Amino acid sequence: MDIISILIAWGPYLLGGIAVTLGLVLSALAIGFVLGLPIALIQVYGNRMLRAPAAVYVWFFRGLPILVLLFLFYFGIFPVMGLDFPPFVVGAVVLGLRGAAYQSQIFRGAIQSIAEGQMTAALSLGMTRWMAIRTIILPQALRISLPGWSNEYPEILTDSAVCYAIGVMELLTRTSQIVSQTYVTLPVYMACAGIFILLNYAGMQVILRAEEKFAIPGFGIQSG
Amino acid sequence: MSDYILRVVDLHKNFGEREILHGISFNVKKGETIVFIGPSGTGKSTLLRCINQLTVPDRGHVYIDDDEITGCGHRISEYRQRIGMVFQNFNLFDHLTAVQNVEIAPIKVRKMDKTLARDKAMEELRRVGMEDWADHYPSELSGGQAQRVSIARSLAMDPEVILFDEPTSALDPELTREVLEVMKDLAKSGMTMLVVTHEMGFARSVATEVVFMEGGQIVEQGPPSEIMKNPKHPRTREFIGKISEH
Ligand SMILES: Nc1ncnc2c1ncn2[C@@H]1O[C@H](COP(=O)(O)OP(=O)(O)OP(=O)(O)O)[C@@H](O)[C@H]1O
Ligand SMILES: [Mg+2]
């Protein structure tokens with residue numbers, strides 16, 4: 001069987017894999033954002049009682065190999081907690097929890113790079129600390145974070161392939177199934193690699209558009 | 001009801017072992033402009049920051065219209081609305097245009113209607129001669145323009161007092177003049193102002209009182225003519241001599 005007819009025959013199956021892979025990546029990015037931002041705020045503005053667990057969290061999720069995390073949650077933590085999640089959910093959650101640790105450090109750096117005077121000026125106008133964080137610090141910090149944050153997309157996209165190990169039906173898993181059914185190896189894996197590269201490129205284009213859209217003269221990221 | 005809009009009573013502040021403010025007391029009447037001068041590191045900025053509690057004093061009291069600001073807990077943001085502040089480095093919000101910088105506090109803090117807040121912001125920009133720059137970002141403004149916008153930002157909250165911490169010391173003489181003009185107009189319009197500055201021309205023409213501080217204490221205070229021409233304390237004389245050389 002030549003690669004063209006394989007791709008035609010298995011095309012829909014591979015497309016399904018693309019959907020699963022993108023599902024993993026987008027959920028992981030979202031979970032990473034929703035958890036990563038509060039962790040960053042705690043690390044910058046929180047009291048010691050809150051900062052310590054945040055630091056442990058970041059250290060834990062950045063310190064372990066992704067495959068170890070995946071097995072730990074899939075075979076260990078979730079079953080012990082009585083949670084019977086399907087592989088996709090475990091994959092998305094673990095990638096997301098780990099992404100949160102990395103994203104928090106991007107946001108933390110951005111928040112800390114904002115001059116002290118911005119907060120001082122906001123407080124002097126009668127804003128509460130939380131109001132100043134929301135209306136002055138975060139809009140600036142998120143803009144500053146965007147270039148660093150955009151590296152998270154290719155990172156998580158490439159990491160998502162480890163979900164193969166717990167049987168998530170993503171691109172790599174489906175590719176290997178096609179290989180074992182057709183006995184065609186190199187061309188099929190090449191096709192898989194090509195799809196990852198395309199997904200990477202397309203995603204980066206979307207992010208670049210976003211960076212241009214949010215650009216402000218002389219501030220953080222530049223347009224054009 | 002006392003005659004004073006602002007009263008500072010026996011303010012003390014230490015940073016670690018170092019005593020920065022050493023019992024500062026003074027009163028300000030409505031419409032007065034008080035100019036603070038003194039060597040670097042004397043605690044002038046710390047004094048201004050203790051008035052609106054950006055720095056919490058160790059001891060002493062600050063009153064605005066007989067309401068005590070010190071030790072007021074969560075109500076501090078209400079008092080800060082009544083006390084504007086203008087900084088040496090402007091501290092404009094970098095992600096907002098000039099007009100957005102001016103309207104944001106009325107909208108967020110006062111919950112003012114957005115169209116009303118925009119009108120008010122434009123009015124304040126007009127007052128400092130910056131209405132044509134409303135849609136520009138801080139990075140697109142000169143220092144003098146940025147400082148005028150920051151004055152407009154304070155004015156938009158209708159403060160009873162404005163604190164200026166060396167508002168022109170980051171500016172060259174040309175830009176200094178345009179900012180001082182705005183401040184003179186403000187003083188003439190009856191705004192109560194506390195100004196840390198070494199611009200003696202400004203002090204001479206608008207200050208009701210000049211306060212010379214050194215080592216965390218008020219060494220001498222009086223009308224500008226007296227402090228500048230006829231200082232009683234030798235340290236004041238020495239300092240005045242030094243700053244009027246250039
Ligand atoms: N947050 C702080 N922590 C420790 N020391 C501080 C702090 N803020 C100010 N100081 C010290 O307090 C002293 C007084 O500072 P302050 O800025 O009030 O002086 P200043 O009179 O405004 O001086 P300048 O003319 O240089 O602005 C300085 O020696 C400064 O180093
Ligand atoms: Mg100072």
# chains A, B, ... in the order shown; residues from 1 in each chain; ligands from 1
$ residues_around --residues "segment 6-20 of chain B" --least-positions-apart "2" --cutoff "9 Å" --atoms "only C-alpha atoms" --output "number ranges by chain"
B: 4, 22-30, 41-43, 46-47, 50-51, 55-66, 161, 215-217
$ interface_residues --of "chain B" --to "chain A" --cutoff "9 Å" --atoms "only C-alpha atoms" --output "compact mmCIF listing (two decimals) with N, CA, C and O atoms, in the first residue's frame"
# COMPACT_ATOMS: atom_id res chain seq x y z
N ASN B 52 -0.62 60.11 53.20
CA ASN B 52 -1.69 59.27 52.66
C ASN B 52 -1.47 57.78 52.95
O ASN B 52 -2.09 56.92 52.33
N GLN B 53 -0.58 57.51 53.87
CA GLN B 53 -0.42 56.15 54.41
C GLN B 53 0.11 55.14 53.39
O GLN B 53 -0.08 53.93 53.54
N LEU B 54 0.77 55.65 52.33
CA LEU B 54 1.47 54.71 51.45
C LEU B 54 2.61 54.09 52.25
O LEU B 54 3.01 52.95 52.03
N HIS B 74 -9.40 49.83 56.82
CA HIS B 74 -9.87 49.69 55.43
C HIS B 74 -10.37 50.99 54.83
O HIS B 74 -10.50 51.10 53.62
N ILE B 76 -8.92 53.58 54.47
CA ILE B 76 -7.83 54.39 53.91
C ILE B 76 -8.09 54.76 52.45
O ILE B 76 -7.77 55.88 52.03
N SER B 77 -8.71 53.84 51.68
CA SER B 77 -8.90 54.19 50.26
C SER B 77 -9.88 55.35 50.10
O SER B 77 -9.78 56.11 49.14
N GLU B 78 -10.82 55.49 51.05
CA GLU B 78 -11.71 56.67 51.00
C GLU B 78 -10.93 57.95 51.22
O GLU B 78 -11.15 58.96 50.54
N TYR B 79 -10.00 57.93 52.20
CA TYR B 79 -9.22 59.14 52.47
C TYR B 79 -8.28 59.46 51.33
O TYR B 79 -8.06 60.63 50.99
N ARG B 80 -7.74 58.40 50.72
CA ARG B 80 -6.79 58.66 49.62
C ARG B 80 -7.49 59.33 48.44
O ARG B 80 -6.85 60.04 47.67
N GLN B 81 -8.80 59.09 48.29
CA GLN B 81 -9.52 59.77 47.21
C GLN B 81 -9.52 61.27 47.43
O GLN B 81 -9.66 62.05 46.50
N ARG B 82 -9.38 61.68 48.69
CA ARG B 82 -9.44 63.10 49.01
C ARG B 82 -8.06 63.76 48.98
O ARG B 82 -7.93 64.96 49.17
N ILE B 83 -7.01 62.92 48.80
CA ILE B 83 -5.65 63.43 48.79
C ILE B 83 -4.96 62.99 47.50
O ILE B 83 -4.63 61.83 47.34
N GLY B 84 -4.78 63.91 46.58
CA GLY B 84 -4.10 63.55 45.33
C GLY B 84 -2.61 63.43 45.53
O GLY B 84 -2.06 63.94 46.51
N MET B 85 -1.93 62.74 44.61
CA MET B 85 -0.47 62.66 44.71
C MET B 85 0.14 62.69 43.32
O MET B 85 -0.33 62.02 42.41
N VAL B 86 1.20 63.47 43.20
CA VAL B 86 1.91 63.60 41.93
C VAL B 86 3.37 63.24 42.17
O VAL B 86 3.98 63.73 43.14
N PHE B 87 3.91 62.36 41.33
CA PHE B 87 5.20 61.76 41.59
C PHE B 87 6.29 62.31 40.68
O PHE B 87 6.02 62.75 39.56
N ASN B 89 8.42 60.61 38.99
CA ASN B 89 8.48 59.86 37.72
C ASN B 89 7.11 59.68 37.09
O ASN B 89 6.90 58.73 36.33
N PHE B 90 6.19 60.55 37.41
CA PHE B 90 4.84 60.61 36.82
C PHE B 90 3.98 59.39 37.16
O PHE B 90 2.84 59.54 37.53
N ASN B 91 4.57 58.18 36.99
CA ASN B 91 3.81 56.94 37.26
C ASN B 91 2.48 56.89 36.52
O ASN B 91 1.48 56.42 37.07
N LEU B 92 2.45 57.37 35.30
CA LEU B 92 1.24 57.18 34.50
C LEU B 92 1.07 55.70 34.22
O LEU B 92 2.05 54.97 34.11
N PHE B 93 -0.19 55.27 34.08
CA PHE B 93 -0.44 53.86 33.77
C PHE B 93 -0.08 53.61 32.31
O PHE B 93 -0.70 54.16 31.40
N ASP B 94 0.93 52.78 32.10
CA ASP B 94 1.55 52.66 30.78
C ASP B 94 0.64 52.06 29.72
O ASP B 94 0.85 52.26 28.54
N HIS B 95 -0.36 51.29 30.15
CA HIS B 95 -1.20 50.60 29.17
C HIS B 95 -2.44 51.41 28.82
O HIS B 95 -3.28 50.94 28.07
N LEU B 96 -2.55 52.63 29.35
CA LEU B 96 -3.74 53.45 29.10
C LEU B 96 -3.35 54.75 28.42
O LEU B 96 -2.28 55.30 28.68
N ILE B 104 -9.81 56.65 34.73
CA ILE B 104 -9.93 55.30 35.31
C ILE B 104 -10.32 55.32 36.79
O ILE B 104 -11.17 54.54 37.21
N ALA B 105 -9.74 56.23 37.56
CA ALA B 105 -10.08 56.25 38.99
C ALA B 105 -11.54 56.68 39.21
O ALA B 105 -12.26 56.03 39.97
N LYS B 108 -13.54 53.47 38.20
CA LYS B 108 -13.39 52.28 39.05
C LYS B 108 -13.65 52.57 40.51
O LYS B 108 -14.27 51.78 41.21
N VAL B 109 -13.15 53.70 40.99
CA VAL B 109 -13.25 53.99 42.42
C VAL B 109 -14.57 54.66 42.76
O VAL B 109 -15.26 54.29 43.69
N HIS B 136 -3.12 59.72 23.26
CA HIS B 136 -1.74 59.23 23.18
C HIS B 136 -1.38 58.42 24.43
O HIS B 136 -1.88 58.68 25.52
N TYR B 137 -0.49 57.45 24.21
CA TYR B 137 -0.01 56.64 25.32
C TYR B 137 1.16 57.35 26.02
O TYR B 137 1.84 58.17 25.41
N PRO B 138 1.39 57.02 27.30
CA PRO B 138 2.46 57.68 28.05
C PRO B 138 3.81 57.68 27.32
O PRO B 138 4.54 58.67 27.36
N SER B 139 4.12 56.57 26.63
CA SER B 139 5.42 56.50 25.95
C SER B 139 5.53 57.52 24.82
O SER B 139 6.61 57.77 24.32
N GLU B 140 4.39 58.08 24.41
CA GLU B 140 4.41 59.05 23.31
C GLU B 140 4.44 60.49 23.81
O GLU B 140 4.37 61.42 23.01
N ARG B 153 -4.87 63.62 36.24
CA ARG B 153 -5.35 62.37 36.83
C ARG B 153 -5.71 62.57 38.31
O ARG B 153 -6.74 62.07 38.79
N SER B 154 -4.86 63.32 39.02
CA SER B 154 -5.19 63.63 40.43
C SER B 154 -6.43 64.50 40.53
O SER B 154 -7.30 64.25 41.36
N MET B 157 -10.21 63.30 40.62
CA MET B 157 -10.85 62.77 41.82
C MET B 157 -11.32 63.89 42.75
O MET B 157 -11.74 63.64 43.88
$ select_by_dssp --residues "segment 17-194 of chain B" --states "alpha helix (DSSP H)" --output "NGL selection string"
:B and (44-51 or 76-81 or 98-108 or 114-127 or 143-155 or 173-188)
$ residues_around --residues "segment 195-208 of chain B" --least-positions-apart "2" --cutoff "7 Å" --atoms "only C-alpha atoms" --output "ChimeraX atom specification"
/B:32-37,44,163-166,184,187,193,210,223-225
$ write_last_selection --atoms "all heavy atoms" --output "CSV table (one decimal), in the first residue's frame"
chain,number,residue,atom,x,y,z
B,32,GLU,N,-3.9,76.8,51.0
B,32,GLU,CA,-2.4,77.1,51.2
B,32,GLU,C,-1.6,76.3,50.3
B,32,GLU,O,-1.9,75.1,49.9
B,32,GLU,CB,-2.0,76.9,52.6
B,32,GLU,CG,-2.5,78.0,53.6
B,32,GLU,CD,-1.9,77.9,55.0
B,32,GLU,OE1,-1.7,76.7,55.4
B,32,GLU,OE2,-1.6,78.9,55.6
B,33,THR,N,-0.4,76.8,49.9
B,33,THR,CA,0.6,76.0,49.2
B,33,THR,C,1.9,76.0,50.1
B,33,THR,O,2.5,77.0,50.4
B,33,THR,CB,1.0,76.6,47.9
B,33,THR,OG1,-0.2,76.6,47.0
B,33,THR,CG2,2.1,75.8,47.2
B,34,ILE,N,2.2,74.8,50.6
B,34,ILE,CA,3.4,74.7,51.5
B,34,ILE,C,4.5,74.0,50.7
B,34,ILE,O,4.3,72.9,50.1
B,34,ILE,CB,3.1,73.7,52.7
B,34,ILE,CG1,1.7,74.1,53.3
B,34,ILE,CG2,4.2,73.8,53.7
B,34,ILE,CD1,1.7,75.3,54.2
B,35,VAL,N,5.6,74.7,50.7
B,35,VAL,CA,6.8,74.1,50.0
B,35,VAL,C,7.7,73.5,51.0
B,35,VAL,O,8.1,74.2,51.9
B,35,VAL,CB,7.4,75.2,49.1
B,35,VAL,CG1,8.8,74.7,48.6
B,35,VAL,CG2,6.6,75.5,47.9
B,36,PHE,N,8.1,72.2,50.7
B,36,PHE,CA,9.1,71.6,51.6
B,36,PHE,C,10.5,71.5,50.9
B,36,PHE,O,10.5,71.1,49.7
B,36,PHE,CB,8.7,70.1,51.9
B,36,PHE,CG,7.5,70.1,52.8
B,36,PHE,CD1,6.2,70.2,52.3
B,36,PHE,CD2,7.6,69.9,54.2
B,36,PHE,CE1,5.1,70.2,53.1
B,36,PHE,CE2,6.5,69.9,55.0
B,36,PHE,CZ,5.2,70.0,54.4
B,37,ILE,N,11.5,72.0,51.6
B,37,ILE,CA,12.8,71.9,51.0
B,37,ILE,C,13.7,71.2,52.0
B,37,ILE,O,13.4,71.1,53.2
B,37,ILE,CB,13.4,73.3,50.7
B,37,ILE,CG1,13.4,74.2,51.9
B,37,ILE,CG2,12.6,73.9,49.5
B,37,ILE,CD1,14.2,75.5,51.7
B,44,LYS,N,11.7,63.9,53.2
B,44,LYS,CA,10.6,64.6,52.6
B,44,LYS,C,9.6,63.7,51.9
B,44,LYS,O,8.4,63.8,52.1
B,44,LYS,CB,11.1,65.7,51.6
B,44,LYS,CG,12.2,66.6,52.2
B,44,LYS,CD,12.7,67.6,51.2
B,44,LYS,CE,13.5,67.0,50.0
B,44,LYS,NZ,14.7,66.3,50.4
B,163,LEU,N,-0.5,66.3,47.0
B,163,LEU,CA,0.9,66.2,47.4
B,163,LEU,C,1.7,66.0,46.2
B,163,LEU,O,1.5,65.2,45.3
B,163,LEU,CB,1.0,64.9,48.3
B,163,LEU,CG,0.0,64.7,49.4
B,163,LEU,CD1,0.2,63.3,50.0
B,163,LEU,CD2,0.1,65.8,50.4
B,164,PHE,N,2.7,66.9,46.1
B,164,PHE,CA,3.7,66.8,44.9
B,164,PHE,C,5.0,66.4,45.4
B,164,PHE,O,5.6,67.2,46.2
B,164,PHE,CB,3.8,68.2,44.2
B,164,PHE,CG,2.5,68.7,43.6
B,164,PHE,CD1,1.5,69.3,44.3
B,164,PHE,CD2,2.3,68.5,42.2
B,164,PHE,CE1,0.3,69.8,43.7
B,164,PHE,CE2,1.2,69.0,41.6
B,164,PHE,CZ,0.2,69.6,42.3
B,165,ASP,N,5.6,65.3,45.0
B,165,ASP,CA,6.9,64.9,45.4
B,165,ASP,C,7.9,65.2,44.3
B,165,ASP,O,8.0,64.4,43.3
B,165,ASP,CB,6.9,63.4,45.8
B,165,ASP,CG,8.2,63.1,46.5
B,165,ASP,OD1,9.1,64.0,46.6
B,165,ASP,OD2,8.4,61.9,46.9
B,166,GLU,N,8.6,66.3,44.3
B,166,GLU,CA,9.6,66.7,43.3
B,166,GLU,C,9.0,66.5,41.9
B,166,GLU,O,9.6,65.8,41.1
B,166,GLU,CB,10.9,65.9,43.5
B,166,GLU,CG,11.4,66.0,44.9
B,166,GLU,CD,13.0,65.9,45.0
B,166,GLU,OE1,13.6,66.3,44.0
B,166,GLU,OE2,13.4,65.4,46.0
B,184,LYS,N,1.1,76.6,39.3
B,184,LYS,CA,0.8,78.0,39.8
B,184,LYS,C,-0.7,78.3,39.6
B,184,LYS,O,-1.4,78.8,40.5
B,184,LYS,CB,1.6,79.0,39.0
B,184,LYS,CG,3.0,79.2,39.5
B,184,LYS,CD,3.8,80.3,38.7
B,184,LYS,CE,5.3,80.1,39.0
B,184,LYS,NZ,6.1,80.9,38.0
B,187,ALA,N,-2.6,76.6,42.2
B,187,ALA,CA,-2.5,77.3,43.5
B,187,ALA,C,-3.4,78.5,43.5
B,187,ALA,O,-4.2,78.8,44.5
B,187,ALA,CB,-1.1,77.7,43.8
B,193,MET,N,-2.0,72.7,48.4
B,193,MET,CA,-1.0,71.9,47.9
B,193,MET,C,0.2,71.8,48.8
B,193,MET,O,0.6,72.7,49.5
B,193,MET,CB,-0.5,72.5,46.6
B,193,MET,CG,-1.6,73.0,45.7
B,193,MET,SD,-1.3,73.1,43.9
B,193,MET,CE,0.3,73.9,43.8
B,210,VAL,N,7.2,78.2,53.5
B,210,VAL,CA,8.3,77.3,53.1
B,210,VAL,C,8.8,76.6,54.4
B,210,VAL,O,9.0,77.2,55.4
B,210,VAL,CB,9.5,78.1,52.5
B,210,VAL,CG1,10.6,77.1,52.2
B,210,VAL,CG2,9.0,78.7,51.2
B,223,PRO,N,7.1,82.4,56.0
B,223,PRO,CA,6.8,82.8,54.6
B,223,PRO,C,8.0,82.8,53.7
B,223,PRO,O,9.2,82.9,54.3
B,223,PRO,CB,6.4,84.3,54.9
B,223,PRO,CG,6.2,84.5,56.3
B,223,PRO,CD,7.0,83.4,57.0
B,224,PRO,N,7.9,82.6,52.4
B,224,PRO,CA,9.0,82.4,51.6
B,224,PRO,C,10.0,83.5,51.7
B,224,PRO,O,11.2,83.3,51.7
B,224,PRO,CB,8.4,82.3,50.2
B,224,PRO,CG,7.0,82.6,50.3
B,224,PRO,CD,6.6,82.4,51.7
B,225,SER,N,9.5,84.7,51.7
B,225,SER,CA,10.5,85.9,51.7
B,225,SER,C,11.4,85.8,52.9
B,225,SER,O,12.6,85.9,52.8
B,225,SER,CB,9.7,87.2,51.8
B,225,SER,OG,8.8,87.1,52.9
$ residues_around --residues "segment 39-53 of chain A" --least-positions-apart "5" --cutoff "8 Å" --atoms "only C-alpha atoms" --output "list in words"
Ser104, Gln105, Phe107, Arg108, Ile111 and Gln112 of chain A
$ atom_distance --atom1 "atom CA of Leu15 of chain A" --atom2 "atom CA of Ile166 of chain A"
20.0 Å
$ closest_residue --among "B:Pro159, B:Gly143, B:Pro231, B:Pro167" --to "ligand 2" --atoms "only C-alpha atoms and all ligand atoms"
B:Pro167
$ residues_around --residues "segment 20-22 of chain A" --least-positions-apart "2" --cutoff "9 Å" --atoms "only C-alpha atoms" --output "PDB file with N, CA and C atoms, in the first residue's frame"
ATOM      1  N   LEU A  15      -7.721  12.565  11.287  1.00  0.00           N
ATOM      2  CA  LEU A  15      -8.357  13.857  11.611  1.00  0.00           C
ATOM      3  C   LEU A  15      -8.929  13.819  13.023  1.00  0.00           C
ATOM      4  N   GLY A  16      -9.521  12.669  13.357  1.00  0.00           N
ATOM      5  CA  GLY A  16     -10.022  12.504  14.717  1.00  0.00           C
ATOM      6  C   GLY A  16      -8.893  12.659  15.725  1.00  0.00           C
ATOM      7  N   GLY A  17      -7.709  12.137  15.362  1.00  0.00           N
ATOM      8  CA  GLY A  17      -6.539  12.262  16.242  1.00  0.00           C
ATOM      9  C   GLY A  17      -6.122  13.710  16.417  1.00  0.00           C
ATOM     10  N   ILE A  18      -6.207  14.464  15.299  1.00  0.00           N
ATOM     11  CA  ILE A  18      -5.870  15.897  15.395  1.00  0.00           C
ATOM     12  C   ILE A  18      -6.815  16.582  16.372  1.00  0.00           C
ATOM     13  N   LEU A  24      -6.615  18.184  23.829  1.00  0.00           N
ATOM     14  CA  LEU A  24      -5.675  18.086  24.957  1.00  0.00           C
ATOM     15  C   LEU A  24      -4.945  19.412  25.169  1.00  0.00           C
ATOM     16  N   VAL A  25      -4.442  19.965  24.049  1.00  0.00           N
ATOM     17  CA  VAL A  25      -3.608  21.167  24.151  1.00  0.00           C
ATOM     18  C   VAL A  25      -4.428  22.356  24.658  1.00  0.00           C
ATOM     19  N   LEU A  26      -5.618  22.534  24.067  1.00  0.00           N
ATOM     20  CA  LEU A  26      -6.415  23.706  24.459  1.00  0.00           C
ATOM     21  C   LEU A  26      -6.906  23.586  25.901  1.00  0.00           C
ATOM     22  N   SER A  27      -7.341  22.369  26.292  1.00  0.00           N
ATOM     23  CA  SER A  27      -7.769  22.223  27.695  1.00  0.00           C
ATOM     24  C   SER A  27      -6.597  22.461  28.629  1.00  0.00           C
ATOM     25  N   PHE A  88      -8.333  10.590  28.335  1.00  0.00           N
ATOM     26  CA  PHE A  88      -8.261  11.961  27.801  1.00  0.00           C
ATOM     27  C   PHE A  88      -8.289  12.988  28.929  1.00  0.00           C
ATOM     28  N   LEU A 157       1.923  21.245  22.964  1.00  0.00           N
ATOM     29  CA  LEU A 157       1.608  20.456  21.771  1.00  0.00           C
ATOM     30  C   LEU A 157       2.559  19.261  21.667  1.00  0.00           C
ATOM     31  N   SER A 160       2.098  16.724  24.430  1.00  0.00           N
ATOM     32  CA  SER A 160       0.818  16.003  24.464  1.00  0.00           C
ATOM     33  C   SER A 160       0.962  14.564  23.943  1.00  0.00           C
ATOM     34  N   ALA A 161       2.013  14.315  23.151  1.00  0.00           N
ATOM     35  CA  ALA A 161       2.184  12.980  22.570  1.00  0.00           C
ATOM     36  C   ALA A 161       2.464  11.917  23.641  1.00  0.00           C
ATOM     37  N   VAL A 168      -4.561   7.585  25.394  1.00  0.00           N
ATOM     38  CA  VAL A 168      -5.432   8.634  24.852  1.00  0.00           C
ATOM     39  C   VAL A 168      -5.391   8.525  23.334  1.00  0.00           C
ATOM     40  N   MET A 169      -6.547   8.612  22.687  1.00  0.00           N
ATOM     41  CA  MET A 169      -6.578   8.388  21.236  1.00  0.00           C
ATOM     42  C   MET A 169      -6.151   9.634  20.470  1.00  0.00           C
ATOM     43  N   GLU A 170      -4.954  10.112  20.762  1.00  0.00           N
ATOM     44  CA  GLU A 170      -4.473  11.322  20.085  1.00  0.00           C
ATOM     45  C   GLU A 170      -3.660  10.916  18.860  1.00  0.00           C
ATOM     46  N   LEU A 171      -3.009  11.890  18.225  1.00  0.00           N
ATOM     47  CA  LEU A 171      -2.352  11.652  16.933  1.00  0.00           C
ATOM     48  C   LEU A 171      -1.360  10.496  16.935  1.00  0.00           C
ATOM     49  N   LEU A 172      -0.463  10.491  17.923  1.00  0.00           N
ATOM     50  CA  LEU A 172       0.590   9.474  17.926  1.00  0.00           C
ATOM     51  C   LEU A 172       0.006   8.074  18.129  1.00  0.00           C
ATOM     52  N   LEU A 199       0.398  21.865  12.816  1.00  0.00           N
ATOM     53  CA  LEU A 199      -0.362  22.359  13.976  1.00  0.00           C
ATOM     54  C   LEU A 199       0.446  23.417  14.721  1.00  0.00           C
TER      55      LEU A 199
END
$ residues_around --residues "Trp133 of chain B" --least-positions-apart "5" --cutoff "9 Å" --atoms "only C-alpha atoms" --output "CSV table (one decimal) with N, CA and C atoms, in the first residue's frame"
chain,number,residue,atom,x,y,z
B,97,THR,N,-4.2,55.3,27.6
B,97,THR,CA,-4.0,56.6,26.9
B,97,THR,C,-4.1,57.6,28.0
B,98,ALA,N,-3.8,58.9,27.6
B,98,ALA,CA,-3.8,60.0,28.5
B,98,ALA,C,-5.2,60.1,29.2
B,99,VAL,N,-6.2,60.1,28.3
B,99,VAL,CA,-7.6,60.3,28.8
B,99,VAL,C,-8.0,59.1,29.7
B,125,LEU,N,-8.0,67.5,31.4
B,125,LEU,CA,-6.9,67.5,30.4
B,125,LEU,C,-6.8,69.0,29.9
B,141,LEU,N,4.5,60.7,25.1
B,141,LEU,CA,4.5,62.0,25.7
B,141,LEU,C,5.9,62.4,26.2
B,145,GLN,N,4.7,66.8,29.5
B,145,GLN,CA,3.3,66.4,29.1
B,145,GLN,C,2.8,65.3,30.0
$ residues_around --residues "Pro147 of chain A" --least-positions-apart "3" --cutoff "8 Å" --atoms "only C-alpha atoms" --output "list in words"
Ile144, Ser150, Asn151, Glu211 and Ile221 of chain A
$ write_last_selection --atoms "N, CA, C and O atoms" --output "mmCIF file, in the first residue's frame"
data_model
loop_
_atom_site.group_PDB
_atom_site.id
_atom_site.type_symbol
_atom_site.label_atom_id
_atom_site.label_comp_id
_atom_site.auth_asym_id
_atom_site.auth_seq_id
_atom_site.Cartn_x
_atom_site.Cartn_y
_atom_site.Cartn_z
ATOM 1 N N ILE A 144 2.726 41.786 28.845
ATOM 2 C CA ILE A 144 4.152 41.459 28.910
ATOM 3 C C ILE A 144 4.357 39.948 28.799
ATOM 4 O O ILE A 144 5.345 39.480 28.239
ATOM 5 N N SER A 150 3.334 32.463 24.703
ATOM 6 C CA SER A 150 3.131 31.810 23.408
ATOM 7 C C SER A 150 4.066 30.611 23.235
ATOM 8 O O SER A 150 3.797 29.745 22.417
ATOM 9 N N ASN A 151 5.143 30.538 24.014
ATOM 10 C CA ASN A 151 5.982 29.325 23.980
ATOM 11 C C ASN A 151 5.282 28.132 24.602
ATOM 12 O O ASN A 151 5.687 26.994 24.388
ATOM 13 N N GLU A 211 -0.847 38.869 19.465
ATOM 14 C CA GLU A 211 0.161 39.807 19.963
ATOM 15 C C GLU A 211 0.028 41.151 19.265
ATOM 16 O O GLU A 211 0.126 42.202 19.886
ATOM 17 N N ILE A 221 5.242 44.471 24.250
ATOM 18 C CA ILE A 221 5.398 43.944 22.910
ATOM 19 C C ILE A 221 5.096 45.019 21.872
ATOM 20 O O ILE A 221 4.285 45.897 22.097
#
$ closest_residue --among "B:Ser169, B:Asn230, B:Ser45, B:Ser150" --to "ligand 1" --atoms "only C-alpha atoms and all ligand atoms"
B:Ser45
$ select_by_dssp --residues "segment 176-239 of chain B" --states "strand (DSSP E)" --output "list in words"
Thr192, Met193, Leu194, Val195, Val196, Glu209, Val210, Val211, Phe212, Met213, Glu214, Gln217, Ile218, Val219, Glu220, Gln221 and Gly222 of chain B
$ atom_distance --atom1 "atom CA of Leu14 of chain A" --atom2 "atom CA of Ser180 of chain A"
14.4 Å
